[in-house]
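Undergrad: As input, take protein.tsv (TSV, C-alpha atoms):
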chain	number	residue	atom	x	y	z
W	136	MET	CA	-34.80	29.87	-86.75
W	137	ASN	CA	-38.37	28.80	-87.63
W	138	THR	CA	-39.46	31.65	-89.90
W	139	LYS	CA	-43.14	30.62	-89.91
W	140	ALA	CA	-43.43	31.27	-86.17
W	141	LEU	CA	-41.97	34.77	-86.39
W	142	PRO	CA	-44.17	37.88	-86.27
W	143	PHE	CA	-42.04	39.79	-88.78
W	144	SER	CA	-39.98	39.15	-91.90
W	145	ILE	CA	-36.43	37.80	-91.72
W	146	PRO	CA	-34.69	41.16	-92.39
W	147	LEU	CA	-36.72	42.79	-89.61
W	148	MET	CA	-36.03	39.93	-87.20
W	149	ASP	CA	-32.29	40.14	-87.87
W	150	ALA	CA	-32.32	43.84	-86.98
W	151	ILE	CA	-34.53	43.21	-83.91
W	152	ARG	CA	-32.23	40.50	-82.58
W	153	HIS	CA	-29.20	42.73	-83.16
W	154	ASP	CA	-30.80	45.59	-81.18
W	155	TYR	CA	-31.85	43.25	-78.36
W	156	GLU	CA	-28.43	41.60	-78.06
W	157	ARG	CA	-26.72	44.98	-77.74
W	158	PHE	CA	-29.20	45.98	-75.05
W	159	ARG	CA	-28.82	42.68	-73.20
W	160	PHE	CA	-25.04	42.88	-73.26
W	161	ASP	CA	-25.09	46.38	-71.79
W	162	THR	CA	-27.51	45.36	-69.02
W	163	HIS	CA	-25.95	41.99	-68.23
W	164	GLN	CA	-26.35	42.49	-64.47
W	165	TYR	CA	-30.07	41.77	-64.71
W	166	SER	CA	-31.80	38.38	-65.09
W	167	HIS	CA	-32.43	38.27	-68.83
W	168	GLN	CA	-34.42	35.25	-69.97
W	169	GLY	CA	-34.32	36.00	-73.68
W	170	LEU	CA	-36.40	37.37	-76.52
W	171	PHE	CA	-39.86	35.80	-76.92
W	172	THR	CA	-42.88	36.05	-79.20
W	173	ASP	CA	-46.51	35.03	-78.94
W	174	GLY	CA	-46.83	35.04	-82.72
W	175	GLU	CA	-47.90	38.68	-82.91
W	176	LYS	CA	-45.64	40.73	-80.64
W	177	LEU	CA	-42.12	40.57	-79.20
W	178	TYR	CA	-41.20	40.44	-75.53
W	179	ALA	CA	-37.88	40.87	-73.72
W	180	VAL	CA	-38.21	38.97	-70.44
W	181	ILE	CA	-36.25	40.39	-67.49
W	182	LEU	CA	-37.25	38.88	-64.14
W	183	ASP	CA	-36.01	41.88	-62.14
W	184	VAL	CA	-38.75	44.21	-63.46
W	185	GLU	CA	-41.56	42.17	-61.89
W	186	ASN	CA	-43.30	44.52	-59.41
W	187	ASN	CA	-40.55	47.12	-59.95
W	188	ASP	CA	-41.97	49.92	-62.09
W	189	ALA	CA	-38.97	52.21	-61.52
W	190	LEU	CA	-36.54	49.65	-62.94
W	191	LEU	CA	-38.95	48.87	-65.78
W	192	ASP	CA	-39.02	52.55	-66.82
W	193	GLU	CA	-35.23	52.75	-66.53
W	194	LEU	CA	-34.69	49.70	-68.75
W	195	ARG	CA	-37.23	50.87	-71.30
W	196	GLU	CA	-35.33	54.13	-71.62
W	197	HIS	CA	-32.07	52.20	-71.87
W	198	TYR	CA	-33.49	49.90	-74.57
W	199	ASP	CA	-34.54	52.92	-76.62
W	200	LYS	CA	-30.85	53.83	-76.98
W	201	TYR	CA	-30.24	50.57	-78.88
W	202	HIS	CA	-33.49	50.52	-80.81
W	203	THR	CA	-33.02	51.14	-84.53
W	204	VAL	CA	-35.44	53.73	-85.93
W	205	GLY	CA	-38.22	52.07	-87.93
W	206	ILE	CA	-37.63	48.64	-86.38
W	207	PRO	CA	-40.37	47.21	-84.09
W	208	PRO	CA	-39.15	47.14	-80.46
W	209	ALA	CA	-39.69	44.35	-77.97
W	210	LYS	CA	-41.86	44.97	-74.91
W	211	ILE	CA	-40.03	44.45	-71.61
W	212	VAL	CA	-41.93	42.16	-69.24
W	213	GLY	CA	-41.09	40.43	-65.97
W	214	GLU	CA	-42.23	36.85	-66.59
W	215	ILE	CA	-42.60	34.16	-69.23
W	216	THR	CA	-46.31	33.59	-69.78
W	217	GLN	CA	-48.09	30.73	-71.48
W	218	GLY	CA	-47.83	30.91	-75.25
W	219	PHE	CA	-44.41	32.57	-75.30
W	220	ARG	CA	-41.92	31.02	-77.74
W	221	LEU	CA	-38.20	31.71	-77.43
W	222	ILE	CA	-36.50	33.42	-80.36
W	223	GLU	CA	-32.98	32.09	-80.80
W	224	SER	CA	-30.10	34.48	-80.43
W	225	ARG	CA	-27.85	34.98	-83.42
W	226	SER	CA	-25.33	32.19	-83.75
W	227	LYS	CA	-21.57	32.70	-83.97
W	228	LEU	CA	-21.83	32.00	-87.70
W	229	GLU	CA	-24.54	34.61	-88.20
W	230	LYS	CA	-22.49	37.25	-86.40
W	231	THR	CA	-19.41	36.32	-88.42
W	232	LEU	CA	-21.23	36.63	-91.73
W	233	THR	CA	-22.62	40.10	-90.98
W	234	HIS	CA	-19.59	41.51	-89.14
W	235	GLY	CA	-21.65	41.46	-85.95
W	236	GLN	CA	-24.08	44.14	-87.06
W	237	PRO	CA	-26.48	44.90	-89.94
W	238	MET	CA	-24.72	46.13	-93.06
W	239	THR	CA	-25.55	49.18	-95.18
W	240	ILE	CA	-26.90	48.59	-98.68
W	241	ASP	CA	-23.51	49.49	-100.20
W	242	GLU	CA	-21.75	46.98	-97.94
W	243	THR	CA	-24.32	44.33	-98.84
W	244	ILE	CA	-23.92	44.85	-102.60
W	245	ASN	CA	-20.14	44.80	-102.23
W	246	LEU	CA	-20.41	41.50	-100.34
W	247	PHE	CA	-22.47	39.84	-103.07
W	248	VAL	CA	-20.18	41.12	-105.84
W	249	LEU	CA	-17.27	39.66	-103.90
W	250	HIS	CA	-18.78	36.16	-103.63
W	251	ILE	CA	-20.99	35.67	-106.69
W	252	PRO	CA	-18.78	34.44	-109.57
W	253	LYS	CA	-17.91	37.03	-112.21
W	254	LYS	CA	-19.53	34.95	-114.95
W	255	TYR	CA	-22.88	36.05	-113.48
W	256	HIS	CA	-22.01	39.76	-113.42
W	257	PRO	CA	-23.68	42.21	-113.70
W	258	PHE	CA	-26.62	41.60	-111.39
W	259	HIS	CA	-28.93	43.46	-109.04
W	260	VAL	CA	-29.97	42.47	-105.50
W	261	ASP	CA	-33.14	43.66	-103.79
W	262	PHE	CA	-34.84	42.55	-100.56
W	263	LEU	CA	-37.22	44.58	-98.42
W	264	PHE	CA	-37.96	44.62	-94.69
W	265	ASN	CA	-41.66	43.91	-95.22
W	266	THR	CA	-41.23	40.76	-97.30
W	267	ASN	CA	-39.25	37.53	-97.30
W	268	GLU	CA	-38.64	37.77	-101.05
W	269	PHE	CA	-35.03	37.97	-102.17
W	270	ASN	CA	-34.96	39.30	-105.73
W	271	LEU	CA	-31.95	38.70	-107.95
W	272	THR	CA	-31.88	40.20	-111.44
W	273	PHE	CA	-29.33	39.10	-114.06
W	274	LYS	CA	-28.53	40.24	-117.58
W	275	SER	CA	-29.05	36.77	-119.02
W	276	GLU	CA	-31.18	33.78	-118.08
W	277	LEU	CA	-29.71	31.34	-115.57
W	278	THR	CA	-30.26	27.62	-115.77
W	279	ARG	CA	-31.79	25.79	-112.84
W	280	SER	CA	-28.40	24.55	-111.64
W	281	GLU	CA	-26.94	28.07	-111.92
W	282	GLN	CA	-29.82	29.47	-109.90
W	283	GLU	CA	-29.22	26.83	-107.24
W	284	GLU	CA	-25.52	27.75	-107.16
W	285	VAL	CA	-26.29	31.46	-106.65
W	286	GLN	CA	-28.94	30.68	-104.03
W	287	LEU	CA	-26.49	28.46	-102.16
W	288	ILE	CA	-23.92	31.29	-102.15
W	289	CYS	CA	-26.50	33.73	-100.77
W	290	GLU	CA	-27.56	31.30	-98.06
W	291	ALA	CA	-23.91	30.65	-97.16
W	292	LEU	CA	-23.54	34.40	-96.63
W	293	GLY	CA	-26.31	34.29	-94.03
W	294	TYR	CA	-29.35	35.10	-96.16
W	295	GLN	CA	-31.31	31.98	-95.31
W	296	GLY	CA	-35.06	31.40	-95.19
W	297	TYR	CA	-35.90	33.77	-98.06
W	298	ASP	CA	-38.03	33.06	-101.10
W	299	PHE	CA	-35.49	33.55	-103.90
W	300	VAL	CA	-36.86	35.11	-107.07
W	301	PHE	CA	-34.70	35.20	-110.23
W	302	ASN	CA	-35.40	37.86	-112.86
W	303	ILE	CA	-33.91	38.83	-116.22
W	304	ASP	CA	-33.18	42.33	-117.53
W	305	LEU	CA	-31.53	42.25	-120.96
W	306	THR	CA	-30.97	46.01	-120.85
W	307	MET	CA	-29.02	45.94	-117.58
W	308	PRO	CA	-25.74	47.85	-118.03
W	309	ASP	CA	-22.42	46.32	-117.04
W	310	PHE	CA	-20.76	47.40	-113.82
W	311	PRO	CA	-18.91	50.71	-114.46
W	312	GLY	CA	-15.61	49.02	-113.62
W	313	LYS	CA	-14.31	51.97	-111.62
W	314	VAL	CA	-14.98	53.06	-108.03
W	315	GLU	CA	-13.87	56.34	-106.51
W	316	HIS	CA	-13.88	56.95	-102.76
W	317	GLU	CA	-14.25	60.56	-101.74
W	318	PRO	CA	-13.04	61.85	-98.34
W	319	ASN	CA	-15.53	62.17	-95.49
W	320	THR	CA	-18.22	60.09	-97.19
W	321	ARG	CA	-19.89	56.94	-95.95
W	322	ASN	CA	-18.48	53.57	-96.93
W	323	ASN	CA	-15.23	55.07	-98.21
W	324	LEU	CA	-13.30	52.61	-96.02
W	325	VAL	CA	-15.10	49.54	-97.38
W	326	LEU	CA	-12.71	47.22	-99.22
W	327	THR	CA	-14.15	47.34	-102.71
W	328	ALA	CA	-14.76	44.01	-104.44
W	329	SER	CA	-12.57	43.39	-107.48
W	330	GLY	CA	-15.68	42.77	-109.58
W	331	LEU	CA	-16.45	46.49	-109.35
W	332	MET	CA	-12.94	47.59	-110.42
W	333	GLN	CA	-12.20	45.53	-113.54
W	334	LYS	CA	-11.43	48.63	-115.67
W	335	GLN	CA	-9.55	50.49	-112.98
W	336	PHE	CA	-6.39	48.43	-112.46
W	337	SER	CA	-4.00	46.26	-114.42
W	338	LYS	CA	-4.65	42.55	-114.81
W	339	PRO	CA	-1.64	41.42	-112.68
W	340	LEU	CA	-2.70	43.73	-109.87
W	341	LEU	CA	-6.32	42.57	-109.99
W	342	THR	CA	-5.20	38.93	-110.05
W	343	ARG	CA	-3.15	39.42	-106.88
W	344	TYR	CA	-6.00	41.34	-105.22
W	345	GLU	CA	-8.48	38.59	-106.14
W	346	GLU	CA	-6.20	36.03	-104.47
W	347	ASP	CA	-6.56	38.08	-101.30
W	348	GLU	CA	-10.36	38.00	-101.72
W	349	ASP	CA	-10.33	34.23	-102.25
W	350	PHE	CA	-8.25	33.80	-99.12
W	351	TRP	CA	-10.84	35.70	-97.09
W	352	ALA	CA	-13.77	33.79	-98.57
W	353	GLN	CA	-12.11	30.48	-97.65
W	354	ASN	CA	-10.83	31.45	-94.21
W	355	ARG	CA	-13.27	33.99	-92.79
W	356	GLN	CA	-15.06	31.43	-90.64
W	357	SER	CA	-11.76	30.12	-89.33
W	358	VAL	CA	-10.50	33.63	-88.54
W	359	PHE	CA	-13.48	34.58	-86.41
W	360	SER	CA	-14.23	31.20	-84.84
W	361	GLY	CA	-10.65	30.10	-84.18
W	362	ASP	CA	-11.54	26.68	-85.62
W	363	GLU	CA	-8.39	25.30	-87.23
W	364	VAL	CA	-10.42	22.63	-89.01
W	365	ASP	CA	-11.84	25.33	-91.30
W	366	GLN	CA	-8.45	26.96	-91.94
W	367	LYS	CA	-7.23	26.65	-95.53
W	368	GLY	CA	-3.45	27.08	-95.32
W	369	GLN	CA	-1.38	29.69	-93.54
W	370	TYR	CA	-2.66	33.23	-93.16
W	371	LEU	CA	0.67	34.89	-93.95
W	372	LEU	CA	2.69	34.38	-97.11
W	373	PRO	CA	5.91	32.32	-96.71
W	374	LYS	CA	8.32	35.27	-96.93
W	375	PHE	CA	6.57	36.96	-94.00
W	376	GLU	CA	7.17	33.89	-91.84
W	377	GLU	CA	10.85	33.37	-92.49
W	378	PRO	CA	12.95	33.23	-89.27
W	379	LYS	CA	14.74	36.51	-89.94
W	380	SER	CA	15.15	39.77	-88.06
W	381	ARG	CA	12.79	42.38	-89.42
W	382	CYS	CA	11.26	45.77	-88.66
W	383	PHE	CA	8.05	47.47	-89.70
W	384	VAL	CA	8.24	50.93	-91.30
W	385	ASP	CA	4.93	52.79	-91.52
W	386	ALA	CA	5.33	55.09	-94.50
W	387	SER	CA	1.59	55.34	-95.15
W	388	VAL	CA	1.22	58.98	-94.05
W	389	PHE	CA	4.41	60.51	-92.71
W	390	PRO	CA	7.73	60.50	-94.61
W	391	ARG	CA	10.49	58.15	-93.50
W	392	GLN	CA	14.24	58.50	-93.80
W	393	ASN	CA	17.00	56.72	-95.70
W	394	LEU	CA	16.10	53.04	-96.14
W	395	ARG	CA	19.73	52.01	-95.74
W	396	VAL	CA	19.50	52.70	-92.01
W	397	TYR	CA	16.88	49.95	-91.65
W	398	LEU	CA	18.64	47.53	-94.00
W	399	THR	CA	21.85	47.79	-92.00
W	400	LEU	CA	20.11	46.66	-88.82
W	401	TYR	CA	17.59	44.14	-90.10
W	402	GLU	CA	17.48	41.28	-92.60
W	403	GLN	CA	14.02	42.25	-93.81
W	404	VAL	CA	12.13	45.53	-93.81
W	405	ILE	CA	8.32	45.52	-94.05
W	406	ILE	CA	6.96	48.79	-95.43
W	407	ALA	CA	3.39	50.10	-95.28
W	408	LEU	CA	3.05	51.80	-98.66
W	409	PRO	CA	2.36	55.56	-98.84
W	410	LEU	CA	-1.22	56.70	-99.34
W	411	ASN	CA	-2.16	59.00	-102.22
W	412	LYS	CA	1.46	59.45	-103.36
W	413	ASP	CA	3.10	58.60	-106.67
W	414	SER	CA	6.02	56.20	-107.07
W	415	GLU	CA	8.58	59.00	-107.39
W	416	TYR	CA	7.68	60.18	-103.89
W	417	PHE	CA	8.44	56.69	-102.57
W	418	TYR	CA	11.81	56.40	-104.31
W	419	LYS	CA	12.87	59.91	-103.31
W	420	MET	CA	11.80	59.43	-99.68
W	421	PHE	CA	13.89	56.28	-99.28
W	422	GLN	CA	16.68	57.55	-101.56
W	423	LEU	CA	16.41	54.55	-103.86
W	424	GLY	CA	16.79	54.03	-107.56
W	425	LYS	CA	14.43	51.67	-109.37
W	426	TYR	CA	17.18	49.16	-110.06
W	427	GLU	CA	18.22	49.09	-106.39
W	428	PHE	CA	14.60	48.77	-105.35
W	429	ARG	CA	13.93	45.81	-107.63
W	430	GLU	CA	17.11	44.07	-106.52
W	431	LEU	CA	16.17	44.42	-102.85
W	432	VAL	CA	12.68	43.04	-103.53
W	433	ALA	CA	14.10	40.12	-105.53
W	434	ARG	CA	16.48	39.24	-102.67
W	435	GLY	CA	13.65	39.27	-100.14
W	436	ARG	CA	15.04	42.24	-98.22
W	437	LEU	CA	11.91	44.35	-98.75
W	438	LEU	CA	8.31	43.29	-98.04
W	439	PHE	CA	5.18	45.40	-98.26
W	440	VAL	CA	1.66	45.75	-96.87
W	441	ALA	CA	-1.25	47.61	-98.47
W	442	PRO	CA	-4.10	47.57	-95.93
W	443	GLN	CA	-6.49	50.01	-97.61
W	444	ASN	CA	-8.36	50.31	-100.92
W	445	LEU	CA	-6.19	49.85	-103.99
W	446	GLU	CA	-7.01	53.25	-105.42
W	447	ARG	CA	-5.21	54.90	-102.51
W	448	TYR	CA	-1.85	53.51	-103.65
W	449	SER	CA	0.37	54.24	-106.61
W	450	GLN	CA	-0.43	51.77	-109.38
W	451	GLU	CA	3.05	52.22	-110.82
W	452	LEU	CA	4.68	51.34	-107.49
W	453	LEU	CA	2.42	48.31	-107.01
W	454	SER	CA	3.25	47.16	-110.53
W	455	ASP	CA	6.99	47.53	-109.84
W	456	ILE	CA	6.62	45.27	-106.79
W	457	LEU	CA	4.44	42.64	-108.48
W	458	MET	CA	6.68	42.51	-111.53
W	459	VAL	CA	9.61	41.40	-109.35
W	460	ASP	CA	7.87	39.24	-106.72
W	461	PRO	CA	4.06	39.04	-106.34
W	462	CYS	CA	4.49	37.26	-102.99
W	463	SER	CA	6.38	40.16	-101.41
W	464	ILE	CA	3.20	42.12	-100.69
W	465	ILE	CA	0.08	41.28	-98.68
W	466	PHE	CA	-3.21	43.10	-98.91
W	467	SER	CA	-5.77	43.98	-96.29
W	468	ARG	CA	-7.54	40.66	-95.70
W	469	ARG	CA	-4.44	38.57	-95.07
W	470	LEU	CA	-3.07	41.36	-92.95
W	471	ALA	CA	-6.26	41.49	-90.87
W	472	ALA	CA	-6.20	37.72	-90.35
W	473	SER	CA	-2.54	37.43	-89.34
W	474	PRO	CA	-2.90	38.66	-85.70
W	475	PHE	CA	-5.47	35.91	-85.06
W	476	GLU	CA	-3.01	33.26	-86.21
W	477	VAL	CA	-0.28	34.69	-83.97
W	478	TYR	CA	-2.72	34.77	-81.05
W	479	LYS	CA	-3.64	31.10	-81.56
W	480	VAL	CA	0.05	30.12	-81.66
W	481	ASN	CA	0.75	32.03	-78.45
W	482	GLN	CA	-2.18	30.29	-76.73
W	483	GLU	CA	-0.80	26.83	-77.49
Kindly transcribe the structure held in the file into structure tokens.
TA:
Amino acid sequence: MNTKALPFSIPLMDAIRHDYERFRFDTHQYSHQGLFTDGEKLYAVILDVENNDALLDELREHYDKYHTVGIPPAKIVGEITQGFRLIESRSKLEKTLTHGQPMTIDETINLFVLHIPKKYHPFHVDFLFNTNEFNLTFKSELTRSEQEEVQLICEALGYQGYDFVFNIDLTMPDFPGKVEHEPNTRNNLVLTASGLMQKQFSKPLLTRYEEDEDFWAQNRQSVFSGDEVDQKGQYLLPKFEEPKSRCFVDASVFPRQNLRVYLTLYEQVIIALPLNKDSEYFYKMFQLGKYEFRELVARGRLLFVAPQNLERYSQELLSDILMVDPCSIIFSRRLAASPFEVYKVNQE
């Protein structure tokens, strides 16, 4: 996208293209020609509205439903006139990097904490709709090569075309190291980056969680594009792919019965760990002692999934699992990717 030919800054144009694409998808039956600019204004060209004022009014009203408040809208016209320049739609890569829609500020910060190496933490990110400046503030001065590394990471995340400005703030406090998600609040389902939770969990647990983050960073493009060339290894861990009979027991919310019933019928039992419950609740629910539990994990009879934020699970129970076999549990990102791998295999 040629930023010099755009009438607005990059952040604004990203939001405008997102709004337009939603509108175009919902009105696909009409002859959309694309989003254009004459250097000053934006135009959505739909051939059907030429000499049809009723349809024009209807589509304007429809477009308003997808128009983000505070974002300049495009004017709907019926023809491409001289001087119009086509604005490219968002690419598959751009949609992949932003989850298909603009992120909130908390989601954006979480994304950068996830991808910018911890040796550069803490830092602050700031970019405004009315400017193409991308301000990054660090606690210590970065060398030229370090600045280039951080800029490359930002651009790889989809923030391209900005003027990157690096600042220093020696008084910047470290990240708190703990994150609490309260019920019925925004962003409480966002998978918190490990860089924001360094004081909240044990080192073995954080190490295993960071492996899940690294997996996502390496394979996200492959997951969404289906391109096996970009895939870095298998999505599932080896024990989850063994040719054995298995069942899935969702113990995340509602209690389940004696585990021995499942073990009698299946070679492996995959358990979704309980939410907001201590380890004693888990052992009592399945009528297991700790020794029995550890033996079953060591033998590969029990596997686990933890699809939500770490703080929603018992740290003691997670530690018991990791102490015996760190590869017997998968976290949210691998779990989210696994259906795509199964789908690709079934398509072959």
Undergrad: Determine, counting all atoms listed in the file, which protein, DNA and RNA residues have an atom within 6 Å of an atom of range 327-341 of chain W; residues of the same chain fewer than 4 positions away are not included. Present the result as a list in words.
TA: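 Listed by chain and then number, they are Asn245, Leu249, Gly312, Lys313 and Glu345 of chain W.
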Undergrad: With all atoms listed in the file as the counted atoms, please give the residues lying no more than 8 Å from Ala407 in chain W, apart from itself and same-chain residues fewer than 3 positions off, as a list in words.
TA: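 Close residues of Ala407 in chain W: Phe383, Val384, Asp385, Ala386, Ser387, Phe439, Val440, Ala441 and Pro442 of chain W.
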Undergrad: Using C-alpha atoms, can you export the residues from the last selection as a CSV table (one decimal), in the frame of the given file?
TA:
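Generated file (part-v1.csv):
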chain,number,residue,atom,x,y,z
W,383,PHE,CA,8.0,47.5,-89.7
W,384,VAL,CA,8.2,50.9,-91.3
W,385,ASP,CA,4.9,52.8,-91.5
W,386,ALA,CA,5.3,55.1,-94.5
W,387,SER,CA,1.6,55.3,-95.2
W,439,PHE,CA,5.2,45.4,-98.3
W,440,VAL,CA,1.7,45.8,-96.9
W,441,ALA,CA,-1.2,47.6,-98.5
W,442,PRO,CA,-4.1,47.6,-95.9
Undergrad: Do you have the CA of Lys176 in chain W-CA of Pro142 in chain W distance handy?
TA: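 These two atoms are separated by 6.5 Å.
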Undergrad: List the residues sitting within 8 Å of (-44.5, 35.6, -76.1) in the file's frame, using only C-alpha atoms, as a PDB file with C-alpha atoms, keeping the file's coordinate frame.
TA:
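Final output, selection04.pdb:
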ATOM      1  CA  PHE W 171     -39.860  35.800 -76.920  1.00  0.00           C
ATOM      2  CA  THR W 172     -42.880  36.050 -79.200  1.00  0.00           C
ATOM      3  CA  ASP W 173     -46.510  35.030 -78.940  1.00  0.00           C
ATOM      4  CA  GLY W 174     -46.830  35.040 -82.720  1.00  0.00           C
ATOM      5  CA  LYS W 176     -45.640  40.730 -80.640  1.00  0.00           C
ATOM      6  CA  LEU W 177     -42.120  40.570 -79.200  1.00  0.00           C
ATOM      7  CA  TYR W 178     -41.200  40.440 -75.530  1.00  0.00           C
ATOM      8  CA  ILE W 215     -42.600  34.160 -69.230  1.00  0.00           C
ATOM      9  CA  THR W 216     -46.310  33.590 -69.780  1.00  0.00           C
ATOM     10  CA  GLN W 217     -48.090  30.730 -71.480  1.00  0.00           C
ATOM     11  CA  GLY W 218     -47.830  30.910 -75.250  1.00  0.00           C
ATOM     12  CA  PHE W 219     -44.410  32.570 -75.300  1.00  0.00           C
ATOM     13  CA  ARG W 220     -41.920  31.020 -77.740  1.00  0.00           C
ATOM     14  CA  LEU W 221     -38.200  31.710 -77.430  1.00  0.00           C
TER      15      LEU W 221
END
Undergrad: Could you tell me how far CA of Leu324 in chain W sits from CA of Arg468 in chain W, in Å to one decimal place?
TA: 13.3 Å
Undergrad: Figure out the distance between CA of Val314 in chain W and CA of Glu281 in chain W, please, to one decimal in Å.
TA: 28.0 Å
Undergrad: Would you list the contacts of Leu410 in chain W as number ranges by chain, taking every protein, DNA or RNA residue within 10 Å and counting only C-alpha atoms, but skipping same-chain residues closer than 5 positions in sequence?
TA: W: 386-389, 441, 443-449
Undergrad: Need to verify the contact set: Asp154 in chain W, 10 Å, all atoms listed in the file, exclusion of same-chain residues closer than 4 positions in sequence. Can you return it as a ChimeraX atom specification?
TA: /W:148-150,158-159,198-203,206,208-209,236-237
Undergrad: Rank nothing, just name the residue among W:His167, W:Lys379, W:Arg469, W:Arg395 nearest to Tyr344 in chain W, using all atoms listed in the file.
TA: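 Closest to Tyr344 in chain W of all the choices is W:Arg469.
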Undergrad: Let me have the centre and edge lengths of the axis-aligned box enclosing all listed atoms of range 343-358 of chain W with 4 Å padding on every side, in Å to one decimal, as JSON.
TA:
{"center_x": -9.1, "center_y": 35.7, "center_z": -97.7, "size_x": 19.9, "size_y": 19.2, "size_z": 26.3}
Undergrad: For a quick check of understanding, using all atoms listed in the file, which of W:Glu346, W:Val432, W:Val248, W:Pro373 has the smallest distance to Phe466 in chain W?
TA: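 Checking each of W:Glu346, W:Val432, W:Val248, W:Pro373 against Phe466 in chain W, counting all atoms listed in the file, the winner is W:Glu346.
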Undergrad: Calculated over all atoms listed in the file, which of the candidates W:Ala472, W:Leu170, W:Val204, W:Leu398 has the smallest distance to Gln356 in chain W?
TA: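 Going through W:Ala472, W:Leu170, W:Val204, W:Leu398 one by one, the smallest distance to Gln356 in chain W is for W:Ala472.
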Undergrad: Show me, as a list in words, the residues that have an atom within 8 Å of Leu182 in chain W when counting all atoms listed in the file, minus same-chain residues fewer than 4 positions from it.
TA: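 Answer for this query is Tyr165, Ser166, His167, Gln168, Val212, Gly213 and Glu214 of chain W.
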Undergrad: Between W:Leu437, W:Leu394, W:Leu141, W:Leu372, which is the closest to Cys462 in chain W once you count only C-alpha atoms?
TA: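 Among the listed residues, the smallest separation from Cys462 in chain W belongs to W:Leu372.
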Undergrad: Between W:Asp161, W:Glu268, W:Glu317, W:Glu348, which has the minimum distance to Val300 in chain W (counting all atoms listed in the file)?
TA: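 So, comparing all the options, the nearest one is W:Glu268.
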